[in-house]
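Colleague: Got a structure for you, questions after.
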Amino acid sequence: MTFKLPPGLALQKVDERIMTLNVGPQHPGSGHMRLIVQIDGDYIVACDPDPGYVHRGEEKMAEYRNYILNIPHLERPVIHDSCNVLYPYVLGAEEILGIEVPERAKYVRVIASELNRCIYIMYWLAIYGIFLGHSTMFMWPAGDRELLIDLMEKMTGARVTHAHFIPGGVRNDLPPNFEDVCLRQVNYFEKRIKEYAAIFYDNPILIARTRDTGVLSRQDAIRYGTTGSVLRASGVDYDLRVKEPYDVYEELDVHTNVMKEGDSYARSKIPWLDMLESCNIIRQALQKMPKSGSVRTKLKPNPKGKGLDSVYKRVESGRGSLGCYIVSDGKVEPYRVKLSVPSFRNLIALPNLLRGEKLGNMPSVYWSLNYWPVEADR
Amino acid sequence: MSTETETPIADDTPEVESPPKPVAKKLEAAPVVVPAFEKSISDKIVEKFGDKVEVGFIKEDRVRINVGRENVHDVAEFIRDGLNYDHVESVSGVDYPQDNEIEVVYHIGSYDDSSLARQILVLATRAQRETNPIPGNDATRLPTLRDVFYSVEFHEREVFEMFGVFFEGHPDNRRLLLPEDWADLPPLRKDFAIKGR
């Protein structure tokens, strides 16, 4: 008996002209995912994404742990954006458990969430730089990111995985003098990222490589259900911080960045504009935050919901709208937790964007989707 | 149809008509206000489909509609064409072994219609559950919504591998996240237990 390789693993010969290539899962240009690409000469005729190499069953694990024990592992899908990936779960758990959040905690959450968004985008930008062979753009964001990581370390005690948000507020109050340090660092950070325009976004080589590649039209962006920077780069004005404000975003002035082109260049520029906007939000939040007060509602041990209930909460993460659907049956563990993650939602656009592109443009189109493989796999 | 949603109905609907009871001291006695805009959305669906649909709950920004598997495609088409919803954010399976059913929940939103920007329409349907599932070759089947909402394509593939719900008419019912040689139960079913827990 001959061993039969599972479909997709063997190199398929389609016809004389078309060749099948496996990109990934160990390729530096794909992350932990595989793209099965069919090429005709230099042009991609079909692409079949194959995620799942880092599937860890977060949703299954969540059914075995109580609402508090779920916090450290549910932020693992995107450790660089750990506050935002936890945010919808925490909001949903609060609704199910019937917990009120103190006003100061809401502001602390907004600040942590915006800092985390910048940290994530800087990491993403560093990799986008290296994908395009622009090594300065790898070094600069990786270095400037440290400014904000230091802030998060002061705030939460951990550099990357914070587990800072809990139902009822945040774990710890801000350290003394945090507001001044934060303002100073954020102002310097903003000055730094503005310099990226000259070296990266106005760079004629970058523009030549990303303009008009992987164009996603407005209708398709809506039809595919894309979200976040991909959606806003295609001219749809939709940001949950404005459209469905959670916590205290209603009291803050948030500007949504929209570009109409829908190409890789627009998709790579929107996150950068979002970082500048985040700096504005952090400054506003620092100003409006109550100067003292509790940051955490005391929880009962093993809190439970009140019978059958379900809740769907969503927040705007560094990649787009991140939803969490929690079903409770009145026990201490949730009955079902579903994370609807932006990377997974944006992935559906990838085969359609790559069709007809040159193979050399594949990394720039792929990474401009703001895709994080670990998050998509959960 | 759904046991999960019977409680919210009992909470919401009667208290709108009935005057507030004299025991106003208790927290529960505060009258639950059904949001008007959300009510109008569910009214349109009920008006069109009558008994075929059941309103699960009407909360702020969230409307839940339960529908049988034979009508889910028609209701989804009406939601798209009649109510301007344009994309599906999330498709979740929920396993209910005690009812012998697997629920599939679509969270549907709208980008184009700014009045619906905050809204999520929750469309829930249930498939028959098999005790010994053979994914793809048993009675756990639902019609696909991929021809109505293109955005469900990968979500439905995920529900198929994680719960064994086969979507009839889906062009691509392959595995997505699980390994190609996975031979155990669909892992998010309640009878698939994590070792050591």
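By order of appearance in the structure tokens: chains A, B, ..., then residues from 1 within every chain, and ligands from 1 in the order shown.
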Select residues of chain A: the criterion is any atom within 7 Å of an atom of chain B, counting only C-alpha atoms; output as a list in words.

Modeller: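 For chain A, the answer reads Pro6, Asp50, Pro51, Gly52, His55, Lys60, Ile222, Arg223, Tyr224, Gly225, Tyr238, Lys243, Glu244, Leu308, Asp309, Arg336, Lys338, Ser340, Ile348 and Asp377 of chain A.
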
Colleague: Can you list every residue in region 237-367 of chain A that DSSP puts in strand (DSSP E or B), as a ChimeraX atom specification?

Modeller: /A:296,308-316,321-329,336-340,358

Colleague: Running DSSP on the backbone, which parts of region 207-255 of chain A land in helix (DSSP H, G or I), as a PyMOL selection string?

Modeller: chain A and resi 207-210+218-223+229-233+240-243+249-251

Colleague: Nearest residue to Trp140 (chain A) out of A:Ala163, A:Ile199, A:Val341, A:Val248, using only C-alpha atoms?

Modeller: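 The answer is A:Ile199, which sits nearest to Trp140 (chain A).
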